[in-house]
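See below for run.txt, which holds compact mmCIF, C-alpha atoms and all ligand atoms.
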```txt
# COMPACT_ATOMS: atom_id res chain seq x y z
CA MET A 1 9.23 53.85 175.17
CA THR A 2 8.14 50.59 176.80
CA GLY A 3 4.74 50.56 178.41
CA LYS A 4 1.72 52.85 178.46
CA LEU A 5 2.10 56.46 179.64
CA ILE A 6 -0.88 58.05 181.35
CA LEU A 7 -0.73 61.71 182.32
CA GLU A 8 -2.77 63.32 185.08
CA ALA A 9 -2.99 66.98 186.09
CA ASP A 10 -1.31 66.67 189.47
CA ALA A 11 -0.28 64.25 192.24
CA ASP A 12 -3.80 63.99 193.67
CA ALA A 13 -5.17 63.06 190.26
CA VAL A 14 -2.41 60.45 189.92
CA ALA A 15 -3.45 58.95 193.28
CA ARG A 16 -7.11 58.88 192.24
CA GLN A 17 -6.36 57.24 188.90
CA ALA A 18 -4.02 54.73 190.56
CA ALA A 19 -6.76 53.85 193.06
CA GLN A 20 -9.18 53.22 190.20
CA PHE A 21 -6.63 50.91 188.55
CA PHE A 22 -6.02 49.15 191.88
CA LEU A 23 -9.76 48.54 192.24
CA ARG A 24 -10.11 47.25 188.66
CA TRP A 25 -7.06 44.98 188.85
CA ALA A 26 -8.08 43.66 192.27
CA GLY A 27 -11.39 42.52 190.83
CA GLU A 28 -9.60 40.99 187.83
CA ALA A 29 -7.13 39.04 190.00
CA VAL A 30 -9.69 37.84 192.56
CA GLU A 31 -11.92 36.60 189.75
CA ARG A 32 -8.95 34.84 188.13
CA GLY A 33 -7.38 33.24 191.20
CA GLY A 34 -9.21 34.26 194.33
CA ARG A 35 -6.51 36.64 195.54
CA PHE A 36 -4.81 39.94 194.63
CA ARG A 37 -1.10 39.94 195.41
CA VAL A 38 0.49 43.40 195.41
CA ALA A 39 4.10 44.45 195.96
CA LEU A 40 4.06 47.98 197.35
CA ALA A 41 6.48 50.75 196.50
CA GLY A 42 8.28 52.56 199.26
CA GLY A 43 9.23 56.22 199.33
CA ASP A 44 6.83 59.17 199.45
CA THR A 45 5.05 59.19 196.07
CA PRO A 46 2.63 56.28 196.65
CA LYS A 47 1.52 57.44 200.13
CA ALA A 48 -1.31 59.52 198.64
CA LEU A 49 -2.61 56.38 196.94
CA TYR A 50 -2.32 54.30 200.10
CA GLY A 51 -4.22 56.94 202.09
CA LEU A 52 -6.96 57.04 199.44
CA LEU A 53 -7.37 53.26 199.44
CA ALA A 54 -7.76 53.27 203.23
CA ALA A 55 -10.52 55.90 203.04
CA ASP A 56 -14.16 54.89 203.32
CA SER A 57 -14.87 55.43 199.63
CA TYR A 58 -12.49 52.62 198.61
CA ARG A 59 -12.63 50.56 201.77
CA ARG A 60 -16.07 49.31 200.79
CA GLN A 61 -15.22 48.63 197.16
CA VAL A 62 -11.99 46.61 197.29
CA PRO A 63 -12.14 42.88 198.19
CA TRP A 64 -9.67 43.51 201.01
CA HIS A 65 -9.95 40.02 202.51
CA HIS A 66 -8.45 38.67 199.30
CA VAL A 67 -5.59 41.20 199.15
CA HIS A 68 -2.04 40.07 199.99
CA LEU A 69 0.58 42.77 200.50
CA TYR A 70 4.32 42.56 199.97
CA TRP A 71 7.02 45.21 199.59
CA GLY A 72 9.12 45.62 196.47
CA ASP A 73 11.94 46.74 198.70
CA GLU A 74 12.67 47.61 202.30
CA ARG A 75 15.32 49.31 204.30
CA PHE A 76 17.10 46.75 206.54
CA LEU A 77 15.88 48.11 209.89
CA PRO A 78 13.96 46.58 212.82
CA PRO A 79 10.15 46.42 212.56
CA GLY A 80 8.57 49.70 213.64
CA HIS A 81 11.64 51.76 212.75
CA PRO A 82 10.56 55.06 211.10
CA GLY A 83 13.14 54.51 208.36
CA ARG A 84 11.35 51.40 207.04
CA ASN A 85 8.96 51.66 204.09
CA ASP A 86 6.21 49.74 205.89
CA THR A 87 6.12 51.46 209.27
CA ASP A 88 3.90 54.43 208.57
CA VAL A 89 1.65 52.73 206.01
CA LEU A 90 0.87 49.50 207.90
CA PRO A 91 -1.95 51.24 209.91
CA LEU A 92 -3.53 52.35 206.62
CA TRP A 93 -3.70 48.81 205.25
CA ARG A 94 -5.11 47.49 208.52
CA GLN A 95 -7.68 50.33 208.44
CA ALA A 96 -8.56 49.35 204.85
CA GLY A 97 -9.31 45.81 206.01
CA VAL A 98 -6.35 43.73 204.83
CA LEU A 99 -6.08 40.61 207.01
CA GLU A 100 -2.99 40.55 209.25
CA GLU A 101 -1.93 37.15 207.93
CA ASN A 102 -1.95 38.59 204.42
CA ILE A 103 0.44 41.44 205.20
CA HIS A 104 3.99 40.33 204.49
CA PRO A 105 6.64 42.84 205.63
CA VAL A 106 10.23 42.17 204.62
CA PRO A 107 11.89 40.41 207.59
CA TYR A 108 14.64 41.90 209.70
CA VAL A 109 17.24 39.48 211.05
CA THR A 110 19.03 40.24 214.31
CA GLY A 111 22.53 38.92 214.72
CA PRO A 112 23.76 36.07 216.99
CA LEU A 113 25.04 38.26 219.77
CA ASP A 114 27.77 37.13 222.10
CA PRO A 115 27.18 37.46 225.88
CA ALA A 116 28.60 40.96 225.79
CA GLY A 117 25.87 41.88 223.29
CA HIS A 118 28.25 42.15 220.33
CA ASP A 119 27.56 40.75 216.89
CA SER A 120 29.56 37.52 217.13
CA GLN A 121 30.58 37.46 213.44
CA GLY A 122 32.01 40.95 213.66
CA ALA A 123 29.76 43.85 212.72
CA ALA A 124 30.41 44.10 208.97
CA LYS A 125 30.34 40.39 208.18
CA GLY A 126 27.46 39.83 210.54
CA LEU A 127 25.40 42.52 208.85
CA GLU A 128 26.01 41.08 205.39
CA LEU A 129 25.01 37.60 206.57
CA ARG A 130 21.89 38.92 208.29
CA MET A 131 20.81 40.90 205.24
CA ASP A 132 21.26 37.89 202.99
CA GLN A 133 19.30 35.73 205.41
CA ALA A 134 16.43 38.23 205.38
CA ALA A 135 16.45 38.25 201.57
CA GLN A 136 16.44 34.44 201.47
CA ARG A 137 13.55 34.29 203.92
CA TYR A 138 11.50 36.73 201.84
CA GLU A 139 12.23 34.83 198.66
CA ALA A 140 11.19 31.58 200.37
CA LEU A 141 7.88 33.22 201.31
CA LEU A 142 7.28 34.33 197.72
CA ARG A 143 8.13 30.84 196.44
CA ARG A 144 5.84 29.17 199.01
CA GLN A 145 2.94 31.38 197.98
CA ALA A 146 3.50 31.20 194.23
CA ARG A 147 1.14 29.02 192.19
CA PRO A 148 2.11 27.26 188.94
CA GLY A 149 0.64 29.03 185.94
CA GLU A 150 -0.04 32.23 187.89
CA PRO A 151 2.07 35.39 187.85
CA LEU A 152 4.47 35.77 190.78
CA LEU A 153 2.58 38.95 191.74
CA ASP A 154 -0.61 40.43 190.31
CA LEU A 155 0.59 44.02 190.67
CA VAL A 156 3.90 45.69 191.44
CA LEU A 157 3.81 49.37 192.33
CA LEU A 158 7.10 51.19 191.80
CA GLY A 159 8.51 54.65 192.32
CA LEU A 160 11.30 56.32 190.39
CA GLY A 161 14.40 57.79 192.00
CA THR A 162 16.07 60.85 190.51
CA ASP A 163 19.04 58.60 189.59
CA GLY A 164 16.78 56.17 187.73
CA HIS A 165 16.63 53.58 190.50
CA THR A 166 13.47 51.71 191.34
CA ALA A 167 12.72 49.50 194.33
CA SER A 168 16.28 49.24 195.69
CA LEU A 169 17.83 48.48 192.32
CA PHE A 170 20.35 51.28 191.97
CA PRO A 171 22.57 52.06 188.96
CA GLY A 172 25.89 50.24 189.11
CA THR A 173 24.93 47.85 191.90
CA ALA A 174 25.26 44.08 191.60
CA ALA A 175 21.61 43.59 192.55
CA LEU A 176 20.63 45.09 189.19
CA ASP A 177 22.27 42.22 187.30
CA GLU A 178 20.92 39.38 189.45
CA GLU A 179 19.35 36.84 187.09
CA ASP A 180 18.29 33.98 189.37
CA ARG A 181 17.31 35.18 192.83
CA TRP A 182 14.03 37.00 193.37
CA VAL A 183 15.17 38.87 196.47
CA VAL A 184 18.66 40.13 197.31
CA PRO A 185 20.36 42.53 199.71
CA ASN A 186 21.76 45.76 198.33
CA TRP A 187 23.54 48.85 199.59
CA ALA A 188 23.08 52.34 198.20
CA ALA A 189 23.17 55.88 199.53
CA TYR A 190 20.15 57.87 198.39
CA GLN A 191 19.10 61.13 199.97
CA ASP A 192 18.88 60.64 203.73
CA ARG A 193 17.50 57.14 203.45
CA HIS A 194 18.96 54.07 205.13
CA PRO A 195 21.57 52.54 202.76
CA GLN A 196 21.15 48.84 203.65
CA ARG A 197 18.32 47.47 201.56
CA ILE A 198 16.46 44.27 200.70
CA THR A 199 15.00 44.36 197.20
CA LEU A 200 13.08 42.34 194.66
CA THR A 201 15.22 41.77 191.58
CA LEU A 202 14.40 42.35 187.91
CA PRO A 203 13.44 38.67 187.40
CA ALA A 204 10.87 39.06 190.19
CA LEU A 205 9.56 42.47 189.09
CA ASN A 206 9.29 41.32 185.48
CA ALA A 207 7.35 38.20 186.57
CA ALA A 208 4.45 40.38 187.69
CA GLU A 209 1.20 40.49 185.74
CA ILE A 210 1.12 44.29 185.93
CA VAL A 211 3.77 46.86 186.86
CA MET A 212 2.75 50.45 187.49
CA PHE A 213 5.20 53.29 188.12
CA LEU A 214 3.90 56.34 189.99
CA VAL A 215 5.92 59.46 189.18
CA THR A 216 5.00 62.96 190.33
CA GLY A 217 6.62 66.35 190.78
CA GLU A 218 9.03 68.64 188.97
CA GLY A 219 11.95 66.85 190.62
CA LYS A 220 11.34 63.77 188.45
CA ARG A 221 11.13 65.76 185.18
CA GLN A 222 14.65 64.99 183.97
CA VAL A 223 14.83 61.36 185.03
CA LEU A 224 11.41 60.48 183.60
CA ALA A 225 12.37 61.91 180.21
CA GLN A 226 15.68 60.06 180.42
CA VAL A 227 14.08 56.72 181.27
CA LEU A 228 11.29 56.96 178.71
CA GLN A 229 12.93 58.78 175.82
CA SER A 230 16.71 58.33 175.83
CA PRO A 231 18.69 55.30 174.57
CA GLN A 232 20.55 55.26 177.90
CA GLY A 233 17.21 55.18 179.71
CA ARG A 234 16.65 51.54 178.79
CA GLU A 235 19.77 50.65 180.78
CA LEU A 236 18.74 52.52 183.93
CA PRO A 237 17.17 50.26 186.57
CA ALA A 238 13.66 51.66 186.00
CA GLY A 239 14.14 51.33 182.24
CA ARG A 240 14.94 47.64 182.61
CA VAL A 241 11.56 46.86 184.21
CA ARG A 242 9.68 45.17 181.37
CA PRO A 243 7.11 42.64 182.64
CA GLY A 244 6.83 39.59 180.39
CA SER A 245 3.08 40.18 180.29
CA GLY A 246 3.72 43.51 178.58
CA ARG A 247 1.39 45.19 181.09
CA LEU A 248 3.54 48.18 182.12
CA VAL A 249 1.94 51.50 183.07
CA TRP A 250 3.69 54.81 183.74
CA LEU A 251 1.28 57.05 185.65
CA ALA A 252 2.69 60.56 185.95
CA ASP A 253 1.54 64.09 186.63
CA ARG A 254 2.19 66.97 184.26
CA ALA A 255 5.04 68.33 186.40
CA ALA A 256 7.01 65.10 186.15
CA ALA A 257 6.14 64.69 182.47
CA SER A 258 7.03 68.27 181.48
CA GLY A 259 10.35 67.12 180.05
CA LEU A 260 8.81 64.64 177.62
CA THR A 261 8.79 65.56 173.94
C1 LIG B 301 12.63 53.31 198.66
C2 LIG B 301 11.73 53.15 197.47
C3 LIG B 301 12.35 53.79 196.28
C4 LIG B 301 11.43 54.93 195.91
C5 LIG B 301 12.15 55.94 195.06
C6 LIG B 301 11.26 57.17 194.82
O1 LIG B 301 12.81 52.37 199.44
O2 LIG B 301 13.09 54.44 198.84
O3 LIG B 301 11.25 51.95 197.25
O4 LIG B 301 12.55 52.97 195.18
O5 LIG B 301 10.30 54.41 195.20
O6 LIG B 301 13.33 56.32 195.75
O7 LIG B 301 10.98 57.71 196.10
P1 LIG B 301 9.99 58.97 196.23
O8 LIG B 301 8.63 58.48 195.80
O9 LIG B 301 10.04 59.32 197.70
O10 LIG B 301 10.52 60.05 195.31
```

Please express what this file holds, its structure, as structure tokens.
Ligand code: 6PG
Amino acid sequence: MTGKLILEADADAVARQAAQFFLRWAGEAVERGGRFRVALAGGDTPKALYGLLAADSYRRQVPWHHVHLYWGDERFLPPGHPGRNDTDVLPLWRQAGVLEENIHPVPYVTGPLDPAGHDSQGAAKGLELRMDQAAQRYEALLRRQARPGEPLLDLVLLGLGTDGHTASLFPGTAALDEEDRWVVPNWAAYQDRHPQRITLTLPALNAAEIVMFLVTGEGKRQVLAQVLQSPQGRELPAGRVRPGSGRLVWLADRAAASGLT
């Protein structure tokens, strides 16, 4: 297994432990470089953590004015759409005290519409071009804000899909093998979630100082054991996340870890 596995009793305990790590690592990063740059995970698992961090008990402890937020992946939908990862958590971060100029949602690019309101490049081609433009814009933001000698991000939070995906790096998709770009478009059907995605790539995720996976619930039992303890697991997207710093944490509850030997 690559990384450090920490087990907690249940999902609430995972959220509390993750909040303690967030607080510790925020202090570490702000002391080191005056800012704490975090790429957030989408999906449902991390929402308990985000709610905890926005609560009074943490609001006063975290140096929120030095926190910069990004997303490790996003569904390619207009701002405010309920299917986006950022929509329902943005109010929490504002409540916590993160400065608006330090919140960096993944952009959405509308198409050049002809007078009749149709996508002038033709819907399919237009969508591909718009997704790639959004990915390029997000990568340009990351590059503008990177500093020589500092990690690309101080912390990347990730979830784990039941198929072994993480961020929007899905098994068998080209995005998984991207070696140069930091942000790319991707397409994948997963549950009832929007299939068009923008995602950080493995080079970007592995350039983080710290990567922490949050994995809870019986539904992740099989995939967590596969990723952490099977030879094939190292080839699944989540298994290929290995930050160069070596600082990789798997924070799981007992239900998700019940398949580990
Ligand atoms: C997304 C997420 C995705 C998520 C996993 C786990 O856009 O859906 O970024 O990678 O982390 O699918 O999702 P759950 O936490 O909801 O199980």

Between atom CA of A:Arg143 and atom CA of A:Gly34, what is the distance, to one decimal in Å?
->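 Straight-line distance from atom CA of A:Arg143 to atom CA of A:Gly34 works out to 17.8 Å.
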
Contacts of A:Asp12 within 10 Å, only C-alpha atoms, excl. fewer than 3 positions in-chain, as a list in words |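 Once the nearby chain positions are removed, what remains is Glu8, Ala9, Ala15, Arg16, Gln17, Ala18, Ala48, Leu49, Leu52, Thr216 and Asp253 of chain A.
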
Keeping C-alpha atoms for every residue in the selection just given, could you write it to a file as a CSV table (one decimal), in the coordinates of the input?
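Listed below is the output, again-v7.csv:
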```csv
chain,number,residue,atom,x,y,z
A,8,GLU,CA,-2.8,63.3,185.1
A,9,ALA,CA,-3.0,67.0,186.1
A,15,ALA,CA,-3.4,59.0,193.3
A,16,ARG,CA,-7.1,58.9,192.2
A,17,GLN,CA,-6.4,57.2,188.9
A,18,ALA,CA,-4.0,54.7,190.6
A,48,ALA,CA,-1.3,59.5,198.6
A,49,LEU,CA,-2.6,56.4,196.9
A,52,LEU,CA,-7.0,57.0,199.4
A,216,THR,CA,5.0,63.0,190.3
A,253,ASP,CA,1.5,64.1,186.6
```

Nearby residues, ligand LIG 301 (chain B), 6 Å, all atoms listed in the file, as a PyMOL selection string | chain A and resi 41-45+73-74+158-161+166-168

Distance atom CA of A:Arg247-atom CA of A:Ile210, one decimal place?
-> 4.9 Å

Expected answer as an MDAnalysis selection string: all residues with atoms within 9 Å of (18.0, 41.9, 189.4), only C-alpha atoms | chainID A and resid 169 174:184 199:205 237

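Nearest to A:Ala252 of all the residues A:Leu228, A:Leu153, A:Leu214, A:Ala26 is A:Leu214, counting all atoms listed in the file.
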
Using only C-alpha atoms: which of A:Val227, A:Val249, A:Val241, A:Val89 has the shortest distance to A:Asp163 |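 Of A:Val227, A:Val249, A:Val241, A:Val89, the one nearest A:Asp163, counting only C-alpha atoms, is A:Val227.
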
List the residues sitting within 9 Å of (7.9, 65.2, 186.9) in the file's frame, using all atoms listed in the file, as a PyMOL selection string.
-> chain A and resi 215-225+252-259

Have a look at atom CA of A:Glu235 and atom CA of A:Glu209 and let me know their distance in Å, one decimal.
->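 According to the coordinates, atom CA of A:Glu235 and atom CA of A:Glu209 are separated by 21.7 Å.
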
For A:Trp250, the closest of A:Met212, A:Val14, A:Ala135, A:Ile198 counting all atoms listed in the file is A:Met212

Output, as lines of an AutoDock Vina configuration file, the centre and edge lengths in Å (one decimal) of the axis-aligned box that contains all listed atoms of stretch 136-151 of chain A with 5 Å of margin on each side.
```
center_x = 8.2
center_y = 32.0
center_z = 194.9
size_x = 26.5
size_y = 19.5
size_z = 28.0
```

Pick from A:His65, A:His194, A:Arg32, A:Arg37 nearest to A:Leu155, counting only C-alpha atoms | A:Arg37

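Considering the residues A:Lys4, A:Arg137, A:Arg193, A:His66 and counting all atoms listed in the file, A:Leu99 has its shortest atom-to-atom contact with A:His66.
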
Residue with smallest distance to A:Ala140 - pool A:Trp25, A:Val156, A:Ala11, A:Val106, counting all atoms listed in the file | A:Val106

Find the residues near A:His104: any atom within 12 Å, counting all atoms listed in the file, skip ones fewer than 3 places away on the same chain, and give them as a PyMOL selection string.
-> chain A and resi 37-40+67-74+79+86+90+93+98-101+107-108+137-139+141-142+145
